[in-house]
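So this one's work-v2.cif, mmCIF, C-alpha atoms:
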data_input
loop_
_atom_site.group_PDB
_atom_site.id
_atom_site.type_symbol
_atom_site.label_atom_id
_atom_site.label_comp_id
_atom_site.auth_asym_id
_atom_site.auth_seq_id
_atom_site.Cartn_x
_atom_site.Cartn_y
_atom_site.Cartn_z
ATOM 1 C CA MET A 1 46.841 -43.945 28.721
ATOM 2 C CA GLU A 2 45.229 -41.631 26.289
ATOM 3 C CA GLN A 3 41.965 -40.167 27.470
ATOM 4 C CA ALA A 4 39.028 -40.213 25.080
ATOM 5 C CA ILE A 5 37.994 -36.758 24.064
ATOM 6 C CA ALA A 6 34.266 -36.286 24.018
ATOM 7 C CA PRO A 7 33.021 -34.884 20.755
ATOM 8 C CA THR A 8 31.865 -31.294 20.995
ATOM 9 C CA ALA A 9 28.471 -30.280 19.744
ATOM 10 C CA PRO A 10 28.525 -28.178 16.604
ATOM 11 C CA ILE A 11 28.074 -24.477 17.179
ATOM 12 C CA ARG A 12 24.828 -23.234 15.709
ATOM 13 C CA GLN A 13 25.092 -19.927 13.989
ATOM 14 C CA SER A 14 21.988 -17.843 13.569
ATOM 15 C CA SER A 15 21.369 -16.739 10.031
ATOM 16 C CA PRO A 16 21.502 -13.024 9.226
ATOM 17 C CA VAL A 17 17.892 -13.145 8.051
ATOM 18 C CA SER A 18 16.582 -14.513 11.347
ATOM 19 C CA GLY A 19 18.730 -12.082 13.318
ATOM 20 C CA ARG A 20 17.445 -9.150 11.293
ATOM 21 C CA SER A 21 13.855 -10.311 11.742
ATOM 22 C CA ALA A 22 14.302 -10.622 15.503
ATOM 23 C CA HIS A 23 15.800 -7.128 15.603
ATOM 24 C CA LEU A 24 12.830 -5.700 13.686
ATOM 25 C CA LEU A 25 10.368 -7.440 16.021
ATOM 26 C CA ARG A 26 12.119 -5.950 19.035
ATOM 27 C CA LEU A 27 11.916 -2.494 17.504
ATOM 28 C CA LEU A 28 8.250 -3.030 16.687
ATOM 29 C CA ARG A 29 7.390 -4.011 20.263
ATOM 30 C CA ARG A 30 8.985 -0.810 21.532
ATOM 31 C CA ASP A 31 7.037 1.461 19.177
ATOM 32 C CA ARG A 32 3.425 1.775 20.317
ATOM 33 C CA LEU A 33 2.368 3.872 17.346
ATOM 34 C CA ALA A 34 3.761 1.269 14.962
ATOM 35 C CA LEU A 35 1.875 -1.453 16.832
ATOM 36 C CA LEU A 36 -1.291 0.623 16.559
ATOM 37 C CA GLY A 37 -0.724 1.015 12.828
ATOM 38 C CA LEU A 38 -0.133 -2.719 12.441
ATOM 39 C CA VAL A 39 -3.330 -3.538 14.360
ATOM 40 C CA ILE A 40 -5.363 -1.126 12.212
ATOM 41 C CA LEU A 41 -3.936 -2.462 8.955
ATOM 42 C CA VAL A 42 -4.328 -6.132 9.931
ATOM 43 C CA GLY A 43 -7.864 -5.369 11.088
ATOM 44 C CA PHE A 44 -8.868 -3.948 7.715
ATOM 45 C CA VAL A 45 -7.159 -6.811 5.899
ATOM 46 C CA LEU A 46 -9.186 -9.300 7.945
ATOM 47 C CA ILE A 47 -12.338 -7.288 7.260
ATOM 48 C CA ALA A 48 -11.638 -7.454 3.526
ATOM 49 C CA ILE A 49 -10.994 -11.212 3.633
ATOM 50 C CA PHE A 50 -13.993 -12.123 5.786
ATOM 51 C CA ALA A 51 -16.422 -9.507 4.443
ATOM 52 C CA PRO A 52 -18.979 -12.175 3.356
ATOM 53 C CA LEU A 53 -19.085 -13.484 6.931
ATOM 54 C CA LEU A 54 -19.118 -10.081 8.643
ATOM 55 C CA ALA A 55 -21.526 -8.199 6.394
ATOM 56 C CA PRO A 56 -25.124 -8.364 7.727
ATOM 57 C CA HIS A 57 -26.638 -7.949 4.238
ATOM 58 C CA ASP A 58 -25.818 -8.322 0.570
ATOM 59 C CA PRO A 59 -24.062 -5.052 -0.364
ATOM 60 C CA LEU A 60 -25.952 -4.931 -3.686
ATOM 61 C CA ALA A 61 -29.387 -5.892 -2.349
ATOM 62 C CA GLN A 62 -31.937 -3.082 -2.671
ATOM 63 C CA ASN A 63 -34.856 -2.579 -0.284
ATOM 64 C CA LEU A 64 -36.829 0.564 -1.055
ATOM 65 C CA ARG A 65 -38.939 0.076 2.060
ATOM 66 C CA ALA A 66 -35.784 0.604 4.167
ATOM 67 C CA SER A 67 -34.276 3.405 2.100
ATOM 68 C CA ARG A 68 -32.705 6.525 3.645
ATOM 69 C CA LEU A 69 -32.519 5.031 7.143
ATOM 70 C CA PRO A 70 -30.155 6.901 9.529
ATOM 71 C CA PRO A 71 -27.688 5.072 11.811
ATOM 72 C CA ALA A 72 -29.278 2.893 14.476
ATOM 73 C CA TRP A 73 -28.588 5.306 17.366
ATOM 74 C CA GLN A 74 -30.399 8.167 15.645
ATOM 75 C CA GLU A 75 -34.114 8.697 15.590
ATOM 76 C CA GLY A 76 -35.719 6.519 12.954
ATOM 77 C CA GLY A 77 -32.766 4.160 12.705
ATOM 78 C CA SER A 78 -32.763 0.376 13.006
ATOM 79 C CA TRP A 79 -30.155 -2.046 14.341
ATOM 80 C CA GLU A 80 -30.904 -4.205 11.322
ATOM 81 C CA HIS A 81 -28.893 -1.554 9.445
ATOM 82 C CA PRO A 82 -26.418 -0.244 12.080
ATOM 83 C CA LEU A 83 -24.895 2.513 9.890
ATOM 84 C CA GLY A 84 -28.059 3.249 7.928
ATOM 85 C CA THR A 85 -28.963 2.796 4.274
ATOM 86 C CA ASP A 86 -28.719 4.795 1.067
ATOM 87 C CA ARG A 87 -31.562 6.009 -1.148
ATOM 88 C CA LEU A 88 -31.916 2.525 -2.689
ATOM 89 C CA GLY A 89 -32.077 0.794 0.698
ATOM 90 C CA ARG A 90 -28.627 -0.811 0.466
ATOM 91 C CA ASP A 91 -26.971 -1.472 3.804
ATOM 92 C CA LEU A 92 -24.083 0.977 4.337
ATOM 93 C CA LEU A 93 -22.108 -1.205 6.767
ATOM 94 C CA SER A 94 -22.072 -4.116 4.313
ATOM 95 C CA ARG A 95 -20.945 -1.855 1.485
ATOM 96 C CA ILE A 96 -18.123 -0.418 3.602
ATOM 97 C CA LEU A 97 -16.917 -3.905 4.551
ATOM 98 C CA TYR A 98 -16.868 -5.036 0.919
ATOM 99 C CA GLY A 99 -15.342 -1.727 -0.151
ATOM 100 C CA ALA A 100 -12.228 -2.527 1.888
ATOM 101 C CA ARG A 101 -11.411 -5.203 -0.687
ATOM 102 C CA VAL A 102 -11.192 -2.744 -3.569
ATOM 103 C CA SER A 103 -9.127 -0.157 -1.697
ATOM 104 C CA LEU A 104 -6.628 -2.643 -0.283
ATOM 105 C CA LEU A 105 -6.259 -4.469 -3.600
ATOM 106 C CA VAL A 106 -5.629 -1.204 -5.424
ATOM 107 C CA GLY A 107 -3.159 -0.016 -2.790
ATOM 108 C CA PHE A 108 -1.219 -3.270 -2.473
ATOM 109 C CA PHE A 109 -0.997 -4.365 -6.105
ATOM 110 C CA GLY A 110 -0.621 -0.814 -7.391
ATOM 111 C CA ALA A 111 2.322 -0.164 -5.068
ATOM 112 C CA THR A 112 3.829 -3.579 -5.864
ATOM 113 C CA LEU A 113 3.627 -2.981 -9.618
ATOM 114 C CA ALA A 114 5.100 0.500 -9.284
ATOM 115 C CA CYS A 115 7.912 -0.886 -7.118
ATOM 116 C CA LEU A 116 8.812 -3.615 -9.611
ATOM 117 C CA LEU A 117 8.729 -1.324 -12.647
ATOM 118 C CA GLY A 118 10.678 1.391 -10.834
ATOM 119 C CA LEU A 119 13.222 -1.125 -9.562
ATOM 120 C CA VAL A 120 13.998 -2.434 -13.055
ATOM 121 C CA ALA A 121 14.165 1.028 -14.626
ATOM 122 C CA GLY A 122 16.196 2.553 -11.785
ATOM 123 C CA VAL A 123 18.716 -0.297 -11.647
ATOM 124 C CA LEU A 124 19.283 -0.186 -15.412
ATOM 125 C CA ALA A 125 19.693 3.595 -15.393
ATOM 126 C CA GLY A 126 21.953 3.742 -12.355
ATOM 127 C CA TYR A 127 24.191 0.748 -13.103
ATOM 128 C CA LEU A 128 24.556 0.869 -16.873
ATOM 129 C CA GLY A 129 24.691 4.668 -17.233
ATOM 130 C CA GLY A 130 25.381 6.213 -20.631
ATOM 131 C CA TRP A 131 22.560 6.442 -23.148
ATOM 132 C CA VAL A 132 20.433 4.008 -21.117
ATOM 133 C CA ASP A 133 20.564 6.357 -18.134
ATOM 134 C CA ALA A 134 19.861 9.366 -20.346
ATOM 135 C CA LEU A 135 16.841 7.705 -21.980
ATOM 136 C CA ILE A 136 15.272 6.393 -18.767
ATOM 137 C CA SER A 137 15.985 9.561 -16.780
ATOM 138 C CA GLY A 138 14.526 11.719 -19.534
ATOM 139 C CA LEU A 139 11.320 9.677 -19.626
ATOM 140 C CA VAL A 140 11.088 9.715 -15.823
ATOM 141 C CA ASN A 141 11.579 13.487 -15.669
ATOM 142 C CA LEU A 142 8.959 13.974 -18.377
ATOM 143 C CA LEU A 143 6.350 11.935 -16.508
ATOM 144 C CA LEU A 144 7.148 13.558 -13.163
ATOM 145 C CA SER A 145 6.792 17.028 -14.695
ATOM 146 C CA ILE A 146 3.086 16.349 -15.404
ATOM 147 C CA PRO A 147 0.766 17.028 -12.426
ATOM 148 C CA TYR A 148 -0.032 13.582 -11.083
ATOM 149 C CA LEU A 149 -3.767 14.014 -10.556
ATOM 150 C CA VAL A 150 -4.207 15.488 -14.022
ATOM 151 C CA LEU A 151 -2.328 12.551 -15.553
ATOM 152 C CA VAL A 152 -4.341 9.992 -13.585
ATOM 153 C CA ILE A 153 -7.709 11.582 -14.383
ATOM 154 C CA VAL A 154 -6.965 11.852 -18.104
ATOM 155 C CA VAL A 155 -5.705 8.271 -18.406
ATOM 156 C CA ALA A 156 -8.564 6.900 -16.288
ATOM 157 C CA ALA A 157 -11.095 8.630 -18.536
ATOM 158 C CA LEU A 158 -9.451 7.038 -21.584
ATOM 159 C CA VAL A 159 -8.997 3.431 -20.406
ATOM 160 C CA GLY A 160 -12.412 2.954 -18.777
ATOM 161 C CA ARG A 161 -13.647 1.781 -15.397
ATOM 162 C CA SER A 162 -12.414 -1.543 -14.007
ATOM 163 C CA LEU A 163 -10.379 -2.765 -11.051
ATOM 164 C CA VAL A 164 -7.537 -4.034 -13.248
ATOM 165 C CA ASN A 165 -7.341 -0.727 -15.107
ATOM 166 C CA VAL A 166 -7.128 1.224 -11.853
ATOM 167 C CA ILE A 167 -4.314 -0.989 -10.549
ATOM 168 C CA LEU A 168 -2.373 -0.716 -13.807
ATOM 169 C CA LEU A 169 -2.962 3.021 -13.923
ATOM 170 C CA PHE A 170 -1.586 3.669 -10.443
ATOM 171 C CA GLY A 171 1.262 1.195 -10.869
ATOM 172 C CA ILE A 172 2.519 2.645 -14.155
ATOM 173 C CA THR A 173 2.074 6.316 -13.267
ATOM 174 C CA THR A 174 3.794 5.921 -9.873
ATOM 175 C CA ALA A 175 6.731 3.858 -11.207
ATOM 176 C CA PRO A 176 8.786 6.970 -12.194
ATOM 177 C CA LEU A 177 8.966 7.994 -8.534
ATOM 178 C CA PHE A 178 10.399 4.598 -7.588
ATOM 179 C CA ALA A 179 12.769 4.709 -10.556
ATOM 180 C CA ARG A 180 14.237 8.030 -9.443
ATOM 181 C CA VAL A 181 14.782 6.797 -5.887
ATOM 182 C CA VAL A 182 16.324 3.507 -7.049
ATOM 183 C CA ARG A 183 18.616 5.239 -9.552
ATOM 184 C CA GLY A 184 20.006 7.517 -6.849
ATOM 185 C CA GLU A 185 20.589 4.593 -4.485
ATOM 186 C CA VAL A 186 22.273 2.518 -7.193
ATOM 187 C CA LEU A 187 24.624 5.389 -8.045
ATOM 188 C CA ARG A 188 25.531 5.685 -4.368
ATOM 189 C CA LEU A 189 26.048 1.949 -3.892
ATOM 190 C CA ARG A 190 28.043 1.550 -7.107
ATOM 191 C CA ALA A 191 30.630 4.030 -5.789
ATOM 192 C CA MET A 192 31.091 2.208 -2.465
ATOM 193 C CA ALA A 193 34.234 0.224 -1.766
ATOM 194 C CA PHE A 194 32.667 -3.225 -1.410
ATOM 195 C CA VAL A 195 30.969 -2.960 -4.825
ATOM 196 C CA GLU A 196 34.130 -1.652 -6.497
ATOM 197 C CA ALA A 197 36.110 -4.515 -4.971
ATOM 198 C CA THR A 198 33.562 -7.038 -6.210
ATOM 199 C CA VAL A 199 33.749 -5.620 -9.727
ATOM 200 C CA ALA A 200 37.565 -5.530 -9.598
ATOM 201 C CA ILE A 201 37.865 -9.288 -9.004
ATOM 202 C CA GLY A 202 35.815 -9.973 -12.134
ATOM 203 C CA THR A 203 32.355 -10.705 -10.724
ATOM 204 C CA PRO A 204 29.730 -10.739 -13.503
ATOM 205 C CA PRO A 205 27.508 -7.610 -13.537
ATOM 206 C CA LEU A 206 24.311 -9.597 -12.992
ATOM 207 C CA ARG A 207 25.753 -11.232 -9.869
ATOM 208 C CA VAL A 208 26.898 -7.839 -8.567
ATOM 209 C CA LEU A 209 23.370 -6.503 -8.986
ATOM 210 C CA LEU A 210 21.585 -9.471 -7.429
ATOM 211 C CA ARG A 211 23.996 -10.101 -4.539
ATOM 212 C CA HIS A 212 25.283 -6.666 -3.568
ATOM 213 C CA ILE A 213 23.091 -3.868 -4.899
ATOM 214 C CA VAL A 214 19.462 -5.021 -5.025
ATOM 215 C CA PRO A 215 19.437 -6.382 -1.419
ATOM 216 C CA ASN A 216 20.579 -2.962 -0.180
ATOM 217 C CA LEU A 217 17.579 -1.346 -1.891
ATOM 218 C CA THR A 218 15.053 -3.207 0.252
ATOM 219 C CA GLY A 219 14.783 -0.598 2.996
ATOM 220 C CA PRO A 220 14.109 2.467 0.814
ATOM 221 C CA LEU A 221 11.776 0.531 -1.485
ATOM 222 C CA VAL A 222 9.657 -0.955 1.316
ATOM 223 C CA THR A 223 9.347 2.422 3.015
ATOM 224 C CA LEU A 224 8.378 4.218 -0.186
ATOM 225 C CA ALA A 225 5.952 1.449 -1.181
ATOM 226 C CA THR A 226 4.222 1.715 2.191
ATOM 227 C CA PHE A 227 3.563 5.434 1.820
ATOM 228 C CA GLU A 228 2.523 5.065 -1.820
ATOM 229 C CA MET A 229 0.058 2.341 -0.855
ATOM 230 C CA SER A 230 -1.593 4.809 1.509
ATOM 231 C CA ALA A 231 -1.617 7.477 -1.196
ATOM 232 C CA MET A 232 -3.165 5.108 -3.753
ATOM 233 C CA ILE A 233 -6.075 4.407 -1.419
ATOM 234 C CA PHE A 234 -6.757 8.151 -1.373
ATOM 235 C CA TYR A 235 -6.309 8.378 -5.156
ATOM 236 C CA GLU A 236 -8.762 5.530 -5.742
ATOM 237 C CA ALA A 237 -11.285 7.243 -3.495
ATOM 238 C CA GLY A 238 -10.776 10.452 -5.455
ATOM 239 C CA LEU A 239 -11.290 8.700 -8.778
ATOM 240 C CA GLY A 240 -14.383 6.983 -7.411
ATOM 241 C CA PHE A 241 -15.680 10.352 -6.211
ATOM 242 C CA LEU A 242 -15.301 11.622 -9.792
ATOM 243 C CA GLY A 243 -16.868 8.483 -11.267
ATOM 244 C CA LEU A 244 -13.636 7.205 -12.859
ATOM 245 C CA SER A 245 -12.714 4.233 -10.658
ATOM 246 C CA VAL A 246 -14.391 0.808 -10.600
ATOM 247 C CA PRO A 247 -17.896 0.392 -12.109
ATOM 248 C CA PRO A 248 -20.727 1.929 -10.058
ATOM 249 C CA ASN A 249 -22.204 -1.475 -9.179
ATOM 250 C CA VAL A 250 -18.975 -2.452 -7.355
ATOM 251 C CA PRO A 251 -19.000 -1.356 -3.688
ATOM 252 C CA SER A 252 -15.852 0.685 -3.104
ATOM 253 C CA TRP A 253 -15.100 3.515 -0.714
ATOM 254 C CA GLY A 254 -14.696 5.914 -3.627
ATOM 255 C CA ASN A 255 -18.099 4.998 -5.066
ATOM 256 C CA LEU A 256 -19.629 5.359 -1.605
ATOM 257 C CA LEU A 257 -18.216 8.867 -1.335
ATOM 258 C CA SER A 258 -19.646 9.682 -4.740
ATOM 259 C CA THR A 259 -23.071 8.442 -3.639
ATOM 260 C CA GLY A 260 -22.772 10.352 -0.378
ATOM 261 C CA ARG A 261 -21.995 13.572 -2.234
ATOM 262 C CA GLU A 262 -25.387 13.359 -3.907
ATOM 263 C CA SER A 263 -27.071 12.749 -0.553
ATOM 264 C CA LEU A 264 -25.467 15.493 1.532
ATOM 265 C CA MET A 265 -28.049 18.044 0.459
ATOM 266 C CA ALA A 266 -30.792 15.512 1.214
ATOM 267 C CA GLY A 267 -29.790 15.370 4.894
ATOM 268 C CA MET A 268 -27.967 12.017 4.845
ATOM 269 C CA PRO A 269 -24.396 12.873 5.882
ATOM 270 C CA TRP A 270 -23.698 9.354 7.163
ATOM 271 C CA LEU A 271 -23.323 8.128 3.585
ATOM 272 C CA SER A 272 -20.104 10.159 3.274
ATOM 273 C CA LEU A 273 -18.972 10.239 6.903
ATOM 274 C CA TYR A 274 -18.375 6.541 7.546
ATOM 275 C CA PRO A 275 -16.659 5.660 4.245
ATOM 276 C CA GLY A 276 -14.435 8.710 4.809
ATOM 277 C CA LEU A 277 -13.564 7.461 8.299
ATOM 278 C CA ALA A 278 -12.674 4.037 6.892
ATOM 279 C CA ILE A 279 -10.326 5.634 4.339
ATOM 280 C CA ALA A 280 -8.722 7.854 6.986
ATOM 281 C CA LEU A 281 -8.192 4.988 9.460
ATOM 282 C CA THR A 282 -6.636 2.728 6.827
ATOM 283 C CA ALA A 283 -4.284 5.475 5.675
ATOM 284 C CA LEU A 284 -3.390 6.258 9.293
ATOM 285 C CA GLY A 285 -2.476 2.634 10.002
ATOM 286 C CA ILE A 286 -0.323 2.355 6.876
ATOM 287 C CA ASN A 287 1.442 5.664 7.555
ATOM 288 C CA LEU A 288 2.208 4.767 11.182
ATOM 289 C CA LEU A 289 3.675 1.470 10.016
ATOM 290 C CA GLY A 290 5.570 3.250 7.270
ATOM 291 C CA ASP A 291 7.140 5.671 9.762
ATOM 292 C CA TRP A 292 8.394 2.727 11.776
ATOM 293 C CA LEU A 293 9.739 0.966 8.687
ATOM 294 C CA ARG A 294 11.617 4.095 7.669
ATOM 295 C CA ASP A 295 13.318 4.313 11.062
ATOM 296 C CA ALA A 296 13.876 0.550 11.408
ATOM 297 C CA THR A 297 15.619 0.256 8.034
ATOM 298 C CA ASP A 298 17.789 3.346 8.513
ATOM 299 C CA PRO A 299 21.190 2.354 9.987
ATOM 300 C CA ARG A 300 21.502 5.797 11.578
ATOM 301 C CA MET A 301 18.347 5.150 13.642
ATOM 302 C CA ARG A 302 19.239 1.652 14.917
ATOM 303 C CA ARG A 303 20.489 2.969 18.251
#
Any chance you could give the structure as structure tokens?
Amino acid sequence: MEQAIAPTAPIRQSSPVSGRSAHLLRLLRRDRLALLGLVILVGFVLIAIFAPLLAPHDPLAQNLRASRLPPAWQEGGSWEHPLGTDRLGRDLLSRILYGARVSLLVGFFGATLACLLGLVAGVLAGYLGGWVDALISGLVNLLLSIPYLVLVIVVAALVGRSLVNVILLFGITTAPLFARVVRGEVLRLRAMAFVEATVAIGTPPLRVLLRHIVPNLTGPLVTLATFEMSAMIFYEAGLGFLGLSVPPNVPSWGNLLSTGRESLMAGMPWLSLYPGLAIALTALGINLLGDWLRDATDPRMRR
């Protein structure tokens, strides 16, 4: 008699994406500094999202009777305004909480725009070569030869003060850096055996780019975008300090530093100290996370 063979359950294969994500989570749990950076960054993101619920006062509300108050733990301070007030009586803590929105929006969208523009330009230059490479590389080298802060200050003075203008300014002026990195990576990948084999069997160029080259650019681009996001937060604060960022009625960390500069001589250092600490902590969190991303996406560091 023939014995019935029980059907075997299909073997489930884990997708490469889920396996890569699990590997990154394991690496993240082992790196305490990266976890600290993630906690700091997520904390500021939550502060920016829930600023209306967390802020004790309207950041634009003026109260001249409560002007120039020091922090609550100093003599003359009040817990109604924990970090003090400025010369117009506006609550500093509320303005710092709302200011996180501007800095994070500028950093995130500015770095994203620069990454997208640099990706397109770098891929075209590195893959097509010839006169396209010469044209794009020449423009990139020209822009990179100009001191960055000088370029940003001049353009910001010309285009005017608004959040959209600041994001576009940082995104466009930082794109050449991404383009140079992407071009170098594309030249390296194009000379590798698996890409040459794909081209040899007649794969269309667009499919080669989308399936074999662009996915291998993720690691360098994410790492560079992380560090540039941190830098853009500093650049926005610098422009705000010079009066070239968002309008003065918008609470941003740069505008707070500019207001604090005018108040240092008046004996109100807290107006510059606490916005500066917020900028430094945010940049620290992003840089710690960026260090981990650099190591986690480098095949030589996976051991």
**Request:** For atom CA of Gly99 of chain A and atom CA of Leu116 of chain A, determine how far apart the two atoms are, in Å to one decimal place.
**Result:** 26.0 Å
**Asked** Restricting the calculation to all atoms listed in the file, which member of A:Val150, A:Val140, A:Leu92, A:Val132 is positioned closest to Gly260 of chain A?
**Response**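 Of all the options, A:Leu92 lies closest to Gly260 of chain A.
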**Request:** Please write as number ranges by chain the list of polymer residues whose atoms come within 12 Å of (-7.1, -1.3, -5.5), counting all atoms listed in the file and keeping to the coordinates of the file.
**Result:** A: 48, 99-113, 162-171, 229-237, 239-240, 245-246, 252-254
Could those selected residues go to a file with C-alpha atoms, as a short mmCIF file (atom, residue, chain, number, x, y, z; two decimals), keeping the file's coordinate frame?
data_model
loop_
_atom_site.label_atom_id
_atom_site.label_comp_id
_atom_site.auth_asym_id
_atom_site.auth_seq_id
_atom_site.Cartn_x
_atom_site.Cartn_y
_atom_site.Cartn_z
CA ALA A 48 -11.64 -7.45 3.53
CA GLY A 99 -15.34 -1.73 -0.15
CA ALA A 100 -12.23 -2.53 1.89
CA ARG A 101 -11.41 -5.20 -0.69
CA VAL A 102 -11.19 -2.74 -3.57
CA SER A 103 -9.13 -0.16 -1.70
CA LEU A 104 -6.63 -2.64 -0.28
CA LEU A 105 -6.26 -4.47 -3.60
CA VAL A 106 -5.63 -1.20 -5.42
CA GLY A 107 -3.16 -0.02 -2.79
CA PHE A 108 -1.22 -3.27 -2.47
CA PHE A 109 -1.00 -4.36 -6.10
CA GLY A 110 -0.62 -0.81 -7.39
CA ALA A 111 2.32 -0.16 -5.07
CA THR A 112 3.83 -3.58 -5.86
CA LEU A 113 3.63 -2.98 -9.62
CA SER A 162 -12.41 -1.54 -14.01
CA LEU A 163 -10.38 -2.76 -11.05
CA VAL A 164 -7.54 -4.03 -13.25
CA ASN A 165 -7.34 -0.73 -15.11
CA VAL A 166 -7.13 1.22 -11.85
CA ILE A 167 -4.31 -0.99 -10.55
CA LEU A 168 -2.37 -0.72 -13.81
CA LEU A 169 -2.96 3.02 -13.92
CA PHE A 170 -1.59 3.67 -10.44
CA GLY A 171 1.26 1.20 -10.87
CA MET A 229 0.06 2.34 -0.86
CA SER A 230 -1.59 4.81 1.51
CA ALA A 231 -1.62 7.48 -1.20
CA MET A 232 -3.16 5.11 -3.75
CA ILE A 233 -6.08 4.41 -1.42
CA PHE A 234 -6.76 8.15 -1.37
CA TYR A 235 -6.31 8.38 -5.16
CA GLU A 236 -8.76 5.53 -5.74
CA ALA A 237 -11.28 7.24 -3.50
CA LEU A 239 -11.29 8.70 -8.78
CA GLY A 240 -14.38 6.98 -7.41
CA SER A 245 -12.71 4.23 -10.66
CA VAL A 246 -14.39 0.81 -10.60
CA SER A 252 -15.85 0.68 -3.10
CA TRP A 253 -15.10 3.52 -0.71
CA GLY A 254 -14.70 5.91 -3.63
#
**Asked** What is the atom CA of Gln62 of chain A-atom CA of Asp91 of chain A distance in Å, reported with one decimal?
**Response** 8.3 Å
**Fill in**
Of A:Ser94, A:Thr198, A:Asn255, A:Asn216, the one sitting nearest Val182 of chain A when using only C-alpha atoms is A:Asn216
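If all atoms listed in the file are the atoms counted, then among A:Pro176, A:Gly290, A:Pro59, A:Pro204 the closest residue to Leu119 of chain A is A:Pro176.
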**Prompt:** How many Å lie between atom CA of Ile286 of chain A and atom CA of Leu41 of chain A, rounded to one decimal?
**Reply:**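 Computing it gives 6.4 Å between the two atoms.
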**Asked** Excluding same-chain residues fewer than 5 positions from Tyr274 of chain A, what lies within 9 Å of it counting only C-alpha atoms, as a VMD selection string?
**Response** chain A and resid 83 92 to 93 96 269 279
**Message:** So that I can check the surroundings of Gly43 of chain A, please list as a ChimeraX atom specification every protein, DNA and RNA residue that reaches within 12 Å of it, counting all atoms listed in the file and ignoring chain neighbours fewer than 2 positions away.
**Reply:** /A:35-41,45-51,97,100,104,278,281-282,285-286
Deliver the residues from the most recent selection as a file, using C-alpha atoms, as a PDB file, keeping the file's coordinate frame.
ATOM      1  CA  LEU A  35       1.875  -1.453  16.832  1.00  0.00           C
ATOM      2  CA  LEU A  36      -1.291   0.623  16.559  1.00  0.00           C
ATOM      3  CA  GLY A  37      -0.724   1.015  12.828  1.00  0.00           C
ATOM      4  CA  LEU A  38      -0.133  -2.719  12.441  1.00  0.00           C
ATOM      5  CA  VAL A  39      -3.330  -3.538  14.360  1.00  0.00           C
ATOM      6  CA  ILE A  40      -5.363  -1.126  12.212  1.00  0.00           C
ATOM      7  CA  LEU A  41      -3.936  -2.462   8.955  1.00  0.00           C
ATOM      8  CA  VAL A  45      -7.159  -6.811   5.899  1.00  0.00           C
ATOM      9  CA  LEU A  46      -9.186  -9.300   7.945  1.00  0.00           C
ATOM     10  CA  ILE A  47     -12.338  -7.288   7.260  1.00  0.00           C
ATOM     11  CA  ALA A  48     -11.638  -7.454   3.526  1.00  0.00           C
ATOM     12  CA  ILE A  49     -10.994 -11.212   3.633  1.00  0.00           C
ATOM     13  CA  PHE A  50     -13.993 -12.123   5.786  1.00  0.00           C
ATOM     14  CA  ALA A  51     -16.422  -9.507   4.443  1.00  0.00           C
ATOM     15  CA  LEU A  97     -16.917  -3.905   4.551  1.00  0.00           C
ATOM     16  CA  ALA A 100     -12.228  -2.527   1.888  1.00  0.00           C
ATOM     17  CA  LEU A 104      -6.628  -2.643  -0.283  1.00  0.00           C
ATOM     18  CA  ALA A 278     -12.674   4.037   6.892  1.00  0.00           C
ATOM     19  CA  LEU A 281      -8.192   4.988   9.460  1.00  0.00           C
ATOM     20  CA  THR A 282      -6.636   2.728   6.827  1.00  0.00           C
ATOM     21  CA  GLY A 285      -2.476   2.634  10.002  1.00  0.00           C
ATOM     22  CA  ILE A 286      -0.323   2.355   6.876  1.00  0.00           C
TER      23      ILE A 286
END
